[in-house]
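Beneath this line is the structure, given in structure tokens, with notes to follow.
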Amino acid sequence: MNALITADHLERDYEVARGVFSKPFVLHAVAEASFSVAEGTTLAIVGESGCGKSTLARLLTMIEPATGGTLEIDGRDVSAGRRGDLRALRATVQIVFQNPYGSLNPRQKVGAILEEPLKINTSLSAAERQDRARKMLAEVGLRPEHYGRYPHMFSGGQRQRIAIARALMLEPKILVLDEPVSALDVSIQAQILNLLADLQERRGLTYVFISHALSVVRHVADEVLVMYLGRGVEIAPAEVLFQTPRHPYTQALLAATPVADPERRGHRLRLAGEMPSPFNPPPGCAFHPRCPFANDRCRTELPKMLPHGSTTVACHGVEEGRIPLPATPPPPLDTTVSVV
Amino acid sequence: MTLLDVKNLSVSFDTRSGPFRAVDGLDLHIAPGEVVAIVGESGSGKSVAMLAVMGLLPDSATVTADRLAFEGKDMLTLPPSERRKIIGRDMAMIFQEPMASLNPCFTVGFQIKEMLRRHTQLDRAARHRRAIELLGMVGISEPERRLSAFPHQLSGGMSQRVMIAMATSCNPKLLIADEPTTALDVTIQAQILELLSDLQRDEGMALVLITHDMGVVAETAERVVVQYAGLQVERQPVRDLFRTPHHPYTAALLAALPDRSRGARLPSIPGMVPGQGDRPSGCQFNPRCPYADDRCRTIDPPRQPDALGGALCHYPLNVPAKVTA
């Protein structure tokens, strides 16, 4: 399987003004992000707010240029940035945002929302555009009469379907999903996740799925990248990551996620403190102030991403073999309830 | 003895298209020191019910109840001045958006001390000491310095800690937490939930947790009430609810959780929660229920016995053999 997205030491810095006479501060929103996504698979990017996962989404969708490193999409180098290339690439990568209430124009009818990408990027006639929009409505599980309605007439789940339909209008190969279900109720969330799985199967789509909900990630992802303060800390195939999380942050994240099973309460690794401010990142490993295993090396030297079996981890402790695996790994996915 | 005793609580709002019943016939009994979770999707009336108990609803709401008593005092007939002495002191509430719940114009210290000024006899110096003690108790570092911080200088997790400090400043007997961790990151959520559990255990405070997150319910609650479209469709102890849900809605909700399913597709619930205009006749869940028949579509479902989770359903699930006999 060939890699559709390859990122190598991708970086995004922002210059933040600190006053007229002082030099602007350089904030590293994303640093040294390296990963690749094979065609037809799902990469999940996980982390808490402020870890740079949405910035990464903006780089992948070419909303913003990277300030360092290389990004290759569909065999073409984005950072080389020839205009014609970028134009074609933008149609290849589309995005679905978190909040379906904010991402649709309230003054446009659903039909117009869906046809706009075609109007700008293709030379299809009005009749052809309408035909495609109606077909897309059916494909995402909406009814034909929804074509002439406004976004406010829909529920959150239906709006997210519209947003997904809009993203698919140009037949992209890659869909970046930025927290697509976190604003939805559980029963609706399941519908949208199923729709995304159907679309991936039918169209062979590649997903970059950004989320903080680990239970959702476990369900959808083939590979998972965990980020902390702008840097990747661990990347591994999903089942490997959930069975044997190696980085102490990944372990803590898994332990902090509430499990919907009252029989397995208690015993867990709690993290003290909060994520440090990116304006004042700690020296060495960014996680060391909260890490129970930190030593002097962690406090001074920045860890590199090193392979460890099928996992790649950035942790001195893992490298030195002093991070134990969690005592009770989460059980495999077979704890279904008996319905009926 | 029950701390909070609610019987047949209904709340309806006057809207342009007629009255809308947001809560219909809610029963709730909370004993001192208990943790009860109210679960439901948006629009299920779980927050409105608790706002009604606190007396925080606007004038457009009509609250009726057979009984709404806190420590034996009838909250519906109590004069407002008496009621205000209870609200905030013995019964307190924290909300989903910690950033929006604090007044941006005043320091954190002022807002905490305001509670103490209204509800306690403490003098100025004692209030200051108590405020520092409270911030320390909720795990804020350098509490003395933080007293002079404004809300915008705090992170979401810190603001929620301040809210908890405020709500627990007068040692309430009941704390109502409305989605206290929804806006927070998982590691911070775990910290806040642990803080609430510690307070509940150490101070013997009863806790009502309003949430849509089944994971949070499983981790913290003792008893669970499931709300759907304004109705209480099921109530059970937490282990029994997860093991043997009796209402089809509860069962479907549990099955739809990504962490409880295997296979590529989640068992989802078709359709959505009915709103004001499209409430069905008969059982509110019937358009989405896989077991619904004509009886469900026409006749309001009966309340099953407590052994069946008080399920509001014609055909409850997981019925043990001896109950049917």
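Naming scheme: A, B, ... for chains in displayed order of the structure tokens; residues 1 onward per chain; ligands 1 onward as shown.
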
Discussion item. Show me, as a PyMOL selection string, every residue of chain B with an atom at most 7 Å from chain A, counting only C-alpha atoms.
Written reply: chain B and resi 41-42+185-187+190+214-216+218-219+238-239+242-243+251+253+255-262+265-266+268-269+317-318

Those selected residues, please, written with N, CA and C atoms and delivered as an mmCIF file, in the first residue's frame.
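As a result, selection25.cif now contains:
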```
data_model
loop_
_atom_site.group_PDB
_atom_site.id
_atom_site.type_symbol
_atom_site.label_atom_id
_atom_site.label_comp_id
_atom_site.auth_asym_id
_atom_site.auth_seq_id
_atom_site.Cartn_x
_atom_site.Cartn_y
_atom_site.Cartn_z
ATOM 1 N N GLU B 41 -29.668 12.668 26.524
ATOM 2 C CA GLU B 41 -29.112 13.450 25.434
ATOM 3 C C GLU B 41 -29.604 14.885 25.551
ATOM 4 N N SER B 42 -29.096 15.768 24.669
ATOM 5 C CA SER B 42 -29.560 17.146 24.754
ATOM 6 C C SER B 42 -31.062 17.190 24.471
ATOM 7 N N ASP B 185 -10.489 18.900 29.157
ATOM 8 C CA ASP B 185 -9.702 17.796 28.614
ATOM 9 C C ASP B 185 -9.760 16.574 29.525
ATOM 10 N N VAL B 186 -9.461 15.395 28.964
ATOM 11 C CA VAL B 186 -9.627 14.158 29.749
ATOM 12 C C VAL B 186 -8.792 14.107 31.024
ATOM 13 N N THR B 187 -7.537 14.542 30.959
ATOM 14 C CA THR B 187 -6.731 14.425 32.180
ATOM 15 C C THR B 187 -7.249 15.406 33.238
ATOM 16 N N ALA B 190 -10.503 13.969 34.686
ATOM 17 C CA ALA B 190 -10.237 12.963 35.717
ATOM 18 C C ALA B 190 -9.933 13.639 37.049
ATOM 19 N N MET B 214 -21.556 8.313 29.417
ATOM 20 C CA MET B 214 -21.765 7.061 30.139
ATOM 21 C C MET B 214 -20.494 6.626 30.880
ATOM 22 N N GLY B 215 -19.333 7.030 30.354
ATOM 23 C CA GLY B 215 -18.077 6.709 31.031
ATOM 24 C C GLY B 215 -18.016 7.385 32.390
ATOM 25 N N VAL B 216 -18.386 8.656 32.440
ATOM 26 C CA VAL B 216 -18.382 9.403 33.694
ATOM 27 C C VAL B 216 -19.372 8.786 34.678
ATOM 28 N N ALA B 218 -20.369 5.631 34.802
ATOM 29 C CA ALA B 218 -19.853 4.352 35.281
ATOM 30 C C ALA B 218 -18.784 4.547 36.348
ATOM 31 N N GLU B 219 -17.997 5.625 36.222
ATOM 32 C CA GLU B 219 -16.890 5.845 37.144
ATOM 33 C C GLU B 219 -17.333 6.425 38.478
ATOM 34 N N VAL B 238 -26.060 1.719 39.527
ATOM 35 C CA VAL B 238 -25.233 1.836 38.331
ATOM 36 C C VAL B 238 -24.814 0.483 37.740
ATOM 37 N N ARG B 239 -24.420 -0.474 38.611
ATOM 38 C CA ARG B 239 -23.978 -1.763 38.075
ATOM 39 C C ARG B 239 -25.101 -2.486 37.362
ATOM 40 N N PHE B 242 -25.868 -0.975 33.863
ATOM 41 C CA PHE B 242 -24.954 -1.354 32.792
ATOM 42 C C PHE B 242 -25.063 -2.841 32.468
ATOM 43 N N ARG B 243 -25.434 -3.669 33.478
ATOM 44 C CA ARG B 243 -25.512 -5.104 33.244
ATOM 45 C C ARG B 243 -26.838 -5.464 32.586
ATOM 46 N N ALA B 251 -30.736 0.494 26.710
ATOM 47 C CA ALA B 251 -29.968 -0.578 26.071
ATOM 48 C C ALA B 251 -29.313 -0.081 24.792
ATOM 49 N N LEU B 253 -28.602 3.042 23.998
ATOM 50 C CA LEU B 253 -27.605 4.053 24.337
ATOM 51 C C LEU B 253 -26.289 3.386 24.731
ATOM 52 N N ALA B 255 -25.357 0.344 23.885
ATOM 53 C CA ALA B 255 -24.799 -0.386 22.745
ATOM 54 C C ALA B 255 -24.118 0.553 21.759
ATOM 55 N N ALA B 256 -24.565 1.822 21.728
ATOM 56 C CA ALA B 256 -24.008 2.780 20.762
ATOM 57 C C ALA B 256 -22.663 3.338 21.202
ATOM 58 N N LEU B 257 -22.221 3.012 22.417
ATOM 59 C CA LEU B 257 -20.937 3.533 22.885
ATOM 60 C C LEU B 257 -19.803 2.846 22.148
ATOM 61 N N PRO B 258 -18.879 3.628 21.586
ATOM 62 C CA PRO B 258 -17.786 2.993 20.836
ATOM 63 C C PRO B 258 -16.968 2.033 21.693
ATOM 64 N N ASP B 259 -16.846 2.308 23.010
ATOM 65 C CA ASP B 259 -15.980 1.431 23.799
ATOM 66 C C ASP B 259 -16.667 0.138 24.221
ATOM 67 N N ARG B 260 -17.938 -0.044 23.889
ATOM 68 C CA ARG B 260 -18.593 -1.296 24.252
ATOM 69 C C ARG B 260 -18.911 -2.147 23.041
ATOM 70 N N SER B 261 -18.533 -1.712 21.856
ATOM 71 C CA SER B 261 -18.956 -2.473 20.694
ATOM 72 C C SER B 261 -17.752 -3.086 19.995
ATOM 73 N N ARG B 262 -17.982 -4.158 19.319
ATOM 74 C CA ARG B 262 -16.925 -4.660 18.441
ATOM 75 C C ARG B 262 -17.456 -4.600 17.020
ATOM 76 N N ARG B 265 -19.142 -1.502 12.501
ATOM 77 C CA ARG B 265 -20.263 -0.574 12.607
ATOM 78 C C ARG B 265 -20.815 -0.580 14.024
ATOM 79 N N LEU B 266 -21.207 0.603 14.473
ATOM 80 C CA LEU B 266 -21.806 0.717 15.801
ATOM 81 C C LEU B 266 -23.297 0.486 15.675
ATOM 82 N N SER B 268 -26.382 1.833 15.979
ATOM 83 C CA SER B 268 -26.831 3.197 16.247
ATOM 84 C C SER B 268 -28.345 3.226 16.422
ATOM 85 N N ILE B 269 -28.812 4.338 17.006
ATOM 86 C CA ILE B 269 -30.250 4.530 17.158
ATOM 87 C C ILE B 269 -30.705 5.398 15.998
ATOM 88 N N LEU B 317 -37.038 -4.853 28.746
ATOM 89 C CA LEU B 317 -36.057 -5.873 28.361
ATOM 90 C C LEU B 317 -35.498 -6.562 29.591
ATOM 91 N N ASN B 318 -34.778 -7.660 29.355
ATOM 92 C CA ASN B 318 -34.037 -8.366 30.406
ATOM 93 C C ASN B 318 -34.906 -8.667 31.625
#
```

Worksheet entry | Selection: 8 Å around Met205 (chain B), only C-alpha atoms, excl. self and same-chain fewer than 5 positions, as a VMD selection string | chain B and resid 32 to 34 171 to 175 199 to 200

Worksheet item: Which residues, written as a PyMOL selection string, have at least one atom at most 8 Å from Ala131 (chain B), with only C-alpha atoms counted and residues fewer than 4 positions away on the same chain left out?
Response: chain B and resi 109+112-113+127+135+147+169

Selection above as a file: C-alpha atoms, as a PDB file, in the first residue's frame:
```pdb
ATOM      1  CA  GLY B 109     -11.444  36.052  45.728  1.00  0.00           C
ATOM      2  CA  ILE B 112     -15.830  33.367  46.709  1.00  0.00           C
ATOM      3  CA  LYS B 113     -16.047  35.778  49.639  1.00  0.00           C
ATOM      4  CA  ARG B 127     -13.713  35.076  55.214  1.00  0.00           C
ATOM      5  CA  LEU B 135      -8.834  27.287  47.004  1.00  0.00           C
ATOM      6  CA  LEU B 147      -7.477  35.203  45.151  1.00  0.00           C
ATOM      7  CA  SER B 169     -17.842  27.255  50.479  1.00  0.00           C
TER       8      SER B 169
END
```

Taking only region 104-324 of chain B into account, list the residues labelled strand (DSSP E or B) by DSSP (computed from the backbone), as a compact mmCIF listing (two decimals) with C-alpha atoms, in the first residue's frame.
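Printed below is out.txt as written:
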```
# COMPACT_ATOMS: atom_id res chain seq x y z
CA LEU B 174 -26.32 18.71 48.16
CA LEU B 175 -24.22 19.68 45.17
CA ILE B 176 -25.76 19.61 41.71
CA ALA B 177 -23.11 19.39 39.00
CA ASP B 178 -24.44 20.08 35.51
CA ALA B 206 -24.77 14.35 48.28
CA LEU B 207 -23.95 14.79 44.61
CA VAL B 208 -26.27 14.96 41.62
CA LEU B 209 -24.28 14.58 38.44
CA ILE B 210 -25.96 15.63 35.22
CA THR B 211 -24.12 14.19 32.23
CA ARG B 223 -27.59 5.31 41.16
CA VAL B 224 -28.58 6.40 37.66
CA VAL B 225 -31.69 8.05 36.27
CA VAL B 226 -32.12 7.96 32.48
CA GLN B 227 -34.08 10.84 30.91
CA TYR B 228 -35.57 10.84 27.42
CA LEU B 231 -39.47 11.66 30.79
CA GLN B 232 -37.68 9.51 33.29
CA VAL B 233 -37.47 6.27 31.35
CA GLU B 234 -35.41 4.21 33.78
CA ARG B 235 -33.74 4.33 37.21
CA GLN B 236 -31.36 1.71 38.58
CA PRO B 237 -28.19 1.27 40.62
CA ARG B 303 -44.23 2.60 34.89
CA LEU B 312 -41.42 3.49 31.35
```

Fill in: region 92-95 of chain A environment, 8 Å, only C-alpha atoms, sequence neighbours closer than 5 positions dropped, as a ChimeraX atom specification
/A:60-61,167-168,170-178

Keeping C-alpha atoms for every residue in the selection just given, could you write it to a file as a PDB file, in the first residue's frame?
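Dumped everything to out32.pdb:
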```
ATOM      1  CA  LEU A  60      -2.608  19.145   5.882  1.00  0.00           C
ATOM      2  CA  THR A  61      -5.490  21.030   4.275  1.00  0.00           C
ATOM      3  CA  ALA A 167     -16.388  18.022   1.749  1.00  0.00           C
ATOM      4  CA  LEU A 168     -17.009  15.137  -0.669  1.00  0.00           C
ATOM      5  CA  LEU A 170     -14.946  17.487  -5.288  1.00  0.00           C
ATOM      6  CA  GLU A 171     -14.345  13.755  -4.829  1.00  0.00           C
ATOM      7  CA  PRO A 172     -11.286  14.158  -2.607  1.00  0.00           C
ATOM      8  CA  LYS A 173      -8.998  11.293  -1.709  1.00  0.00           C
ATOM      9  CA  ILE A 174      -8.306  12.563   1.774  1.00  0.00           C
ATOM     10  CA  LEU A 175     -10.736  13.819   4.376  1.00  0.00           C
ATOM     11  CA  VAL A 176      -9.424  15.630   7.436  1.00  0.00           C
ATOM     12  CA  LEU A 177     -11.984  15.241  10.212  1.00  0.00           C
ATOM     13  CA  ASP A 178     -11.424  17.758  13.004  1.00  0.00           C
TER      14      ASP A 178
END
```

Worksheet item: Pro180 (chain A): which residues within 7 Å, counting only C-alpha atoms, same-chain residues fewer than 3 positions away excluded, as a PyMOL selection string?
Response: chain A and resi 96-98+177

Item to complete: May I ask for the distance between CA of Gly69 (chain A) and CA of Ala7 (chain A), given in Å to one decimal place?
Response: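 Rounded to one decimal, the two atoms are 7.7 Å apart.
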
Worksheet item: Between A:Ala127, A:Ala91, A:Glu32, A:His146, which has the minimum distance to Pro303 (chain A) (counting only C-alpha atoms)?
Response: A:Glu32

Run DSSP on the backbone of this structure and report the residues of region 140-298 of chain A it assigns to helix (DSSP H, G or I), as a tab-separated table (two decimals) with N, CA and C atoms, in the first residue's frame.
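And here is the file that came out, out11.tsv:
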```tsv
chain	number	residue	atom	x	y	z
A	144	PRO	N	-34.10	14.01	-0.52
A	144	PRO	CA	-34.03	14.97	-1.62
A	144	PRO	C	-34.66	16.33	-1.28
A	145	GLU	N	-35.73	16.32	-0.46
A	145	GLU	CA	-36.39	17.60	-0.18
A	145	GLU	C	-35.52	18.52	0.69
A	146	HIS	N	-34.44	17.97	1.27
A	146	HIS	CA	-33.55	18.81	2.07
A	146	HIS	C	-32.75	19.79	1.22
A	147	TYR	N	-32.76	19.56	-0.11
A	147	TYR	CA	-31.96	20.37	-1.03
A	147	TYR	C	-32.26	21.86	-0.89
A	148	GLY	N	-33.53	22.20	-0.72
A	148	GLY	CA	-33.91	23.62	-0.71
A	148	GLY	C	-34.03	24.22	0.68
A	151	PRO	N	-29.67	25.71	6.73
A	151	PRO	CA	-29.01	24.92	7.80
A	151	PRO	C	-29.75	24.94	9.14
A	152	HIS	N	-30.42	26.07	9.48
A	152	HIS	CA	-31.03	26.11	10.81
A	152	HIS	C	-32.18	25.13	10.95
A	153	MET	N	-32.66	24.59	9.82
A	153	MET	CA	-33.79	23.67	9.90
A	153	MET	C	-33.33	22.24	10.20
A	156	GLY	N	-28.13	18.81	14.78
A	156	GLY	CA	-26.67	18.76	14.74
A	156	GLY	C	-26.15	17.62	13.88
A	157	GLY	N	-26.75	16.45	14.03
A	157	GLY	CA	-26.29	15.29	13.28
A	157	GLY	C	-26.49	15.48	11.79
A	158	GLN	N	-27.65	16.04	11.42
A	158	GLN	CA	-27.93	16.27	10.00
A	158	GLN	C	-26.99	17.32	9.42
A	159	ARG	N	-26.70	18.35	10.22
A	159	ARG	CA	-25.77	19.38	9.75
A	159	ARG	C	-24.40	18.78	9.50
A	160	GLN	N	-23.99	17.87	10.39
A	160	GLN	CA	-22.68	17.25	10.17
A	160	GLN	C	-22.71	16.43	8.88
A	161	ARG	N	-23.87	15.83	8.57
A	161	ARG	CA	-23.99	15.11	7.29
A	161	ARG	C	-23.82	16.08	6.12
A	162	ILE	N	-24.41	17.27	6.24
A	162	ILE	CA	-24.27	18.27	5.18
A	162	ILE	C	-22.80	18.67	5.02
A	163	ALA	N	-22.12	18.88	6.17
A	163	ALA	CA	-20.71	19.27	6.12
A	163	ALA	C	-19.88	18.18	5.45
A	164	ILE	N	-20.20	16.92	5.75
A	164	ILE	CA	-19.48	15.81	5.12
A	164	ILE	C	-19.76	15.78	3.62
A	165	ALA	N	-21.04	16.00	3.26
A	165	ALA	CA	-21.41	16.00	1.84
A	165	ALA	C	-20.65	17.10	1.09
A	166	ARG	N	-20.57	18.29	1.69
A	166	ARG	CA	-19.86	19.40	1.06
A	166	ARG	C	-18.39	19.04	0.84
A	167	ALA	N	-17.81	18.38	1.86
A	167	ALA	CA	-16.39	18.02	1.75
A	167	ALA	C	-16.16	17.00	0.63
A	168	LEU	N	-17.19	16.20	0.33
A	168	LEU	CA	-17.01	15.14	-0.67
A	168	LEU	C	-17.33	15.58	-2.09
A	186	VAL	N	-24.58	10.91	21.97
A	186	VAL	CA	-24.07	9.55	21.75
A	186	VAL	C	-24.80	8.83	20.61
A	187	SER	N	-26.12	8.89	20.61
A	187	SER	CA	-26.86	8.10	19.61
A	187	SER	C	-26.62	8.65	18.21
A	188	ILE	N	-26.43	9.97	18.10
A	188	ILE	CA	-26.17	10.60	16.81
A	188	ILE	C	-24.72	10.35	16.40
A	189	GLN	N	-23.84	10.38	17.39
A	189	GLN	CA	-22.42	10.13	17.16
A	189	GLN	C	-22.22	8.78	16.47
A	190	ALA	N	-22.95	7.76	16.93
A	190	ALA	CA	-22.83	6.44	16.34
A	190	ALA	C	-23.27	6.47	14.87
A	191	GLN	N	-24.35	7.22	14.58
A	191	GLN	CA	-24.81	7.31	13.18
A	191	GLN	C	-23.74	7.92	12.29
A	192	ILE	N	-23.12	9.01	12.76
A	192	ILE	CA	-22.12	9.70	11.93
A	192	ILE	C	-20.87	8.83	11.75
A	193	LEU	N	-20.45	8.15	12.83
A	193	LEU	CA	-19.28	7.26	12.71
A	193	LEU	C	-19.55	6.15	11.71
A	194	ASN	N	-20.78	5.62	11.73
A	194	ASN	CA	-21.12	4.57	10.76
A	194	ASN	C	-21.11	5.11	9.34
A	195	LEU	N	-21.64	6.34	9.18
A	195	LEU	CA	-21.66	6.95	7.85
A	195	LEU	C	-20.23	7.11	7.33
A	196	LEU	N	-19.34	7.59	8.21
A	196	LEU	CA	-17.94	7.78	7.80
A	196	LEU	C	-17.31	6.45	7.41
A	197	ALA	N	-17.62	5.38	8.15
A	197	ALA	CA	-17.08	4.06	7.82
A	197	ALA	C	-17.61	3.59	6.47
A	198	ASP	N	-18.91	3.82	6.22
A	198	ASP	CA	-19.50	3.43	4.93
A	198	ASP	C	-18.82	4.15	3.78
A	199	LEU	N	-18.66	5.48	3.94
A	199	LEU	CA	-18.07	6.29	2.87
A	199	LEU	C	-16.63	5.87	2.59
A	200	GLN	N	-15.91	5.56	3.67
A	200	GLN	CA	-14.52	5.14	3.48
A	200	GLN	C	-14.45	3.85	2.67
A	201	GLU	N	-15.36	2.92	3.01
A	201	GLU	CA	-15.38	1.65	2.32
A	201	GLU	C	-15.74	1.83	0.85
A	202	ARG	N	-16.79	2.65	0.62
A	202	ARG	CA	-17.33	2.81	-0.73
A	202	ARG	C	-16.37	3.57	-1.63
A	203	ARG	N	-15.75	4.64	-1.08
A	203	ARG	CA	-14.95	5.53	-1.93
A	203	ARG	C	-13.45	5.35	-1.73
A	214	LEU	N	-10.78	9.09	23.25
A	214	LEU	CA	-10.03	7.88	22.93
A	214	LEU	C	-10.92	6.70	22.58
A	215	SER	N	-12.13	6.65	23.16
A	215	SER	CA	-12.99	5.51	22.84
A	215	SER	C	-13.41	5.56	21.38
A	216	VAL	N	-13.63	6.78	20.86
A	216	VAL	CA	-13.98	6.93	19.45
A	216	VAL	C	-12.78	6.57	18.57
A	217	VAL	N	-11.60	7.06	18.96
A	217	VAL	CA	-10.39	6.80	18.20
A	217	VAL	C	-10.13	5.30	18.09
A	218	ARG	N	-10.29	4.61	19.20
A	218	ARG	CA	-10.05	3.18	19.20
A	218	ARG	C	-10.95	2.47	18.20
A	219	HIS	N	-12.16	3.02	18.07
A	219	HIS	CA	-13.11	2.40	17.16
A	219	HIS	C	-12.77	2.64	15.69
A	220	VAL	N	-12.25	3.85	15.35
A	220	VAL	CA	-12.10	4.18	13.94
A	220	VAL	C	-10.68	4.04	13.39
A	238	ALA	N	-3.24	1.21	16.00
A	238	ALA	CA	-4.23	1.46	17.06
A	238	ALA	C	-4.25	0.37	18.12
A	239	GLU	N	-4.35	-0.90	17.71
A	239	GLU	CA	-4.49	-1.95	18.72
A	239	GLU	C	-3.24	-2.05	19.60
A	240	VAL	N	-2.06	-1.84	18.97
A	240	VAL	CA	-0.81	-1.87	19.73
A	240	VAL	C	-0.81	-0.75	20.76
A	241	LEU	N	-1.23	0.44	20.32
A	241	LEU	CA	-1.22	1.60	21.23
A	241	LEU	C	-2.16	1.37	22.41
A	242	PHE	N	-3.34	0.82	22.15
A	242	PHE	CA	-4.30	0.66	23.24
A	242	PHE	C	-3.94	-0.52	24.14
A	243	GLN	N	-3.28	-1.54	23.60
A	243	GLN	CA	-2.87	-2.69	24.41
A	243	GLN	C	-1.60	-2.40	25.20
A	248	PRO	N	4.60	7.54	28.90
A	248	PRO	CA	3.83	7.79	30.13
A	248	PRO	C	2.61	8.68	29.89
A	249	TYR	N	2.71	9.62	28.91
A	249	TYR	CA	1.55	10.47	28.64
A	249	TYR	C	0.42	9.67	28.02
A	250	THR	N	0.75	8.79	27.08
A	250	THR	CA	-0.27	7.94	26.48
A	250	THR	C	-0.93	7.08	27.56
A	251	GLN	N	-0.09	6.55	28.43
A	251	GLN	CA	-0.63	5.71	29.52
A	251	GLN	C	-1.59	6.51	30.39
A	252	ALA	N	-1.20	7.75	30.71
A	252	ALA	CA	-2.04	8.59	31.56
A	252	ALA	C	-3.34	8.96	30.86
A	253	LEU	N	-3.22	9.24	29.56
A	253	LEU	CA	-4.40	9.61	28.78
A	253	LEU	C	-5.40	8.46	28.77
A	254	LEU	N	-4.90	7.25	28.57
A	254	LEU	CA	-5.77	6.08	28.55
A	254	LEU	C	-6.39	5.86	29.93
A	255	ALA	N	-5.58	6.06	30.97
A	255	ALA	CA	-6.09	5.83	32.32
A	255	ALA	C	-7.12	6.87	32.71
A	256	ALA	N	-6.98	8.09	32.17
A	256	ALA	CA	-7.90	9.16	32.56
A	256	ALA	C	-9.24	9.06	31.84
A	262	PRO	N	-19.00	0.00	35.06
A	262	PRO	CA	-18.85	0.24	36.50
A	262	PRO	C	-18.10	-0.87	37.23
A	263	GLU	N	-17.92	-2.03	36.60
A	263	GLU	CA	-17.21	-3.12	37.26
A	263	GLU	C	-15.70	-2.85	37.31
A	264	ARG	N	-15.23	-1.96	36.43
A	264	ARG	CA	-13.80	-1.71	36.38
A	264	ARG	C	-13.48	-0.29	36.83
A	288	HIS	N	7.92	16.41	31.18
A	288	HIS	CA	8.57	16.02	32.43
A	288	HIS	C	7.95	16.60	33.71
A	289	PRO	N	7.37	17.86	33.69
A	289	PRO	CA	6.81	18.35	34.96
A	289	PRO	C	5.64	17.52	35.47
A	290	ARG	N	4.98	16.78	34.58
A	290	ARG	CA	3.82	15.98	35.00
A	290	ARG	C	4.14	14.49	35.03
A	296	ASP	N	16.85	13.45	35.64
A	296	ASP	CA	17.60	14.62	35.21
A	296	ASP	C	17.75	14.72	33.70
A	297	ARG	N	17.90	13.57	33.05
A	297	ARG	CA	18.06	13.59	31.61
A	297	ARG	C	16.79	14.14	30.94
A	298	CYS	N	15.61	13.74	31.48
A	298	CYS	CA	14.33	14.21	30.93
A	298	CYS	C	14.20	15.72	31.07
```

Item to complete: Within 8 Å of Ala29 (chain A), counting only C-alpha atoms, which residues show up once you throw out same-chain ones fewer than 4 positions away? Write them as a PyMOL selection string, please.
Response: chain A and resi 11-14+51-52+55+229-230+278

Keeping only N, CA and C atoms, take the residues you just selected and write them out as a PDB file, in the first residue's frame.
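What landed in selection-v8.pdb:
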```
ATOM      1  N   GLU A  11       6.819  21.462  10.497  1.00  0.00           N
ATOM      2  CA  GLU A  11       6.856  22.474  11.552  1.00  0.00           C
ATOM      3  C   GLU A  11       5.924  23.619  11.239  1.00  0.00           C
ATOM      4  N   ARG A  12       5.362  24.208  12.262  1.00  0.00           N
ATOM      5  CA  ARG A  12       4.615  25.447  12.065  1.00  0.00           C
ATOM      6  C   ARG A  12       4.919  26.365  13.243  1.00  0.00           C
ATOM      7  N   ASP A  13       5.545  27.474  12.966  1.00  0.00           N
ATOM      8  CA  ASP A  13       5.824  28.461  14.014  1.00  0.00           C
ATOM      9  C   ASP A  13       4.918  29.659  13.807  1.00  0.00           C
ATOM     10  N   TYR A  14       4.578  30.299  14.899  1.00  0.00           N
ATOM     11  CA  TYR A  14       3.876  31.576  14.804  1.00  0.00           C
ATOM     12  C   TYR A  14       4.730  32.625  15.499  1.00  0.00           C
ATOM     13  N   CYS A  51      -2.429  21.062  21.978  1.00  0.00           N
ATOM     14  CA  CYS A  51      -1.305  20.188  21.653  1.00  0.00           C
ATOM     15  C   CYS A  51      -0.886  20.329  20.200  1.00  0.00           C
ATOM     16  N   GLY A  52      -1.617  21.124  19.410  1.00  0.00           N
ATOM     17  CA  GLY A  52      -1.216  21.363  18.033  1.00  0.00           C
ATOM     18  C   GLY A  52      -1.934  20.500  17.018  1.00  0.00           C
ATOM     19  N   THR A  55      -3.709  22.692  14.409  1.00  0.00           N
ATOM     20  CA  THR A  55      -2.725  23.346  13.541  1.00  0.00           C
ATOM     21  C   THR A  55      -2.249  22.365  12.485  1.00  0.00           C
ATOM     22  N   LEU A 229       1.954  19.203  23.489  1.00  0.00           N
ATOM     23  CA  LEU A 229       2.608  20.503  23.338  1.00  0.00           C
ATOM     24  C   LEU A 229       3.336  20.640  21.997  1.00  0.00           C
ATOM     25  N   GLY A 230       2.641  20.306  20.927  1.00  0.00           N
ATOM     26  CA  GLY A 230       3.185  20.552  19.599  1.00  0.00           C
ATOM     27  C   GLY A 230       4.034  19.442  19.026  1.00  0.00           C
ATOM     28  N   PRO A 278       2.487  27.006  25.897  1.00  0.00           N
ATOM     29  CA  PRO A 278       3.441  26.919  24.794  1.00  0.00           C
ATOM     30  C   PRO A 278       4.358  28.149  24.729  1.00  0.00           C
TER      31      PRO A 278
END
```

Practice prompt. Considering only C-alpha atoms, return as a list in words whatever protein or nucleic-acid residues lie within 10 Å of region 321-323 of chain A, sequence-local ones (same chain, fewer than 6 positions apart) excluded.
Written response: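 After dropping sequence-adjacent residues, the list is Arg246, His247, Pro248, Pro292, Phe293, Ala294 and Cys315 of chain A.
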
Worksheet entry | Separation of CA of Val110 (chain A) from CA of Ser125 (chain A), in Å and rounded to one decimal |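 A separation of 18.0 Å between them.
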
Worksheet item: How far is it from CA of His128 (chain B) to CA of Arg145 (chain B), in Å with one decimal?
Response: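 CA of Arg145 (chain B) lies at a distance of 11.9 Å from CA of His128 (chain B).
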
Item to complete: Go through A:Leu205, A:Pro282, A:Ile73, A:Met305 one by one, measure the shortest atom-to-atom distance of each to Glu234 (chain A) using only C-alpha atoms, and give the residue with the smallest value.
Response: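 Comparing A:Leu205, A:Pro282, A:Ile73, A:Met305 against Glu234 (chain A), the winner is A:Met305.
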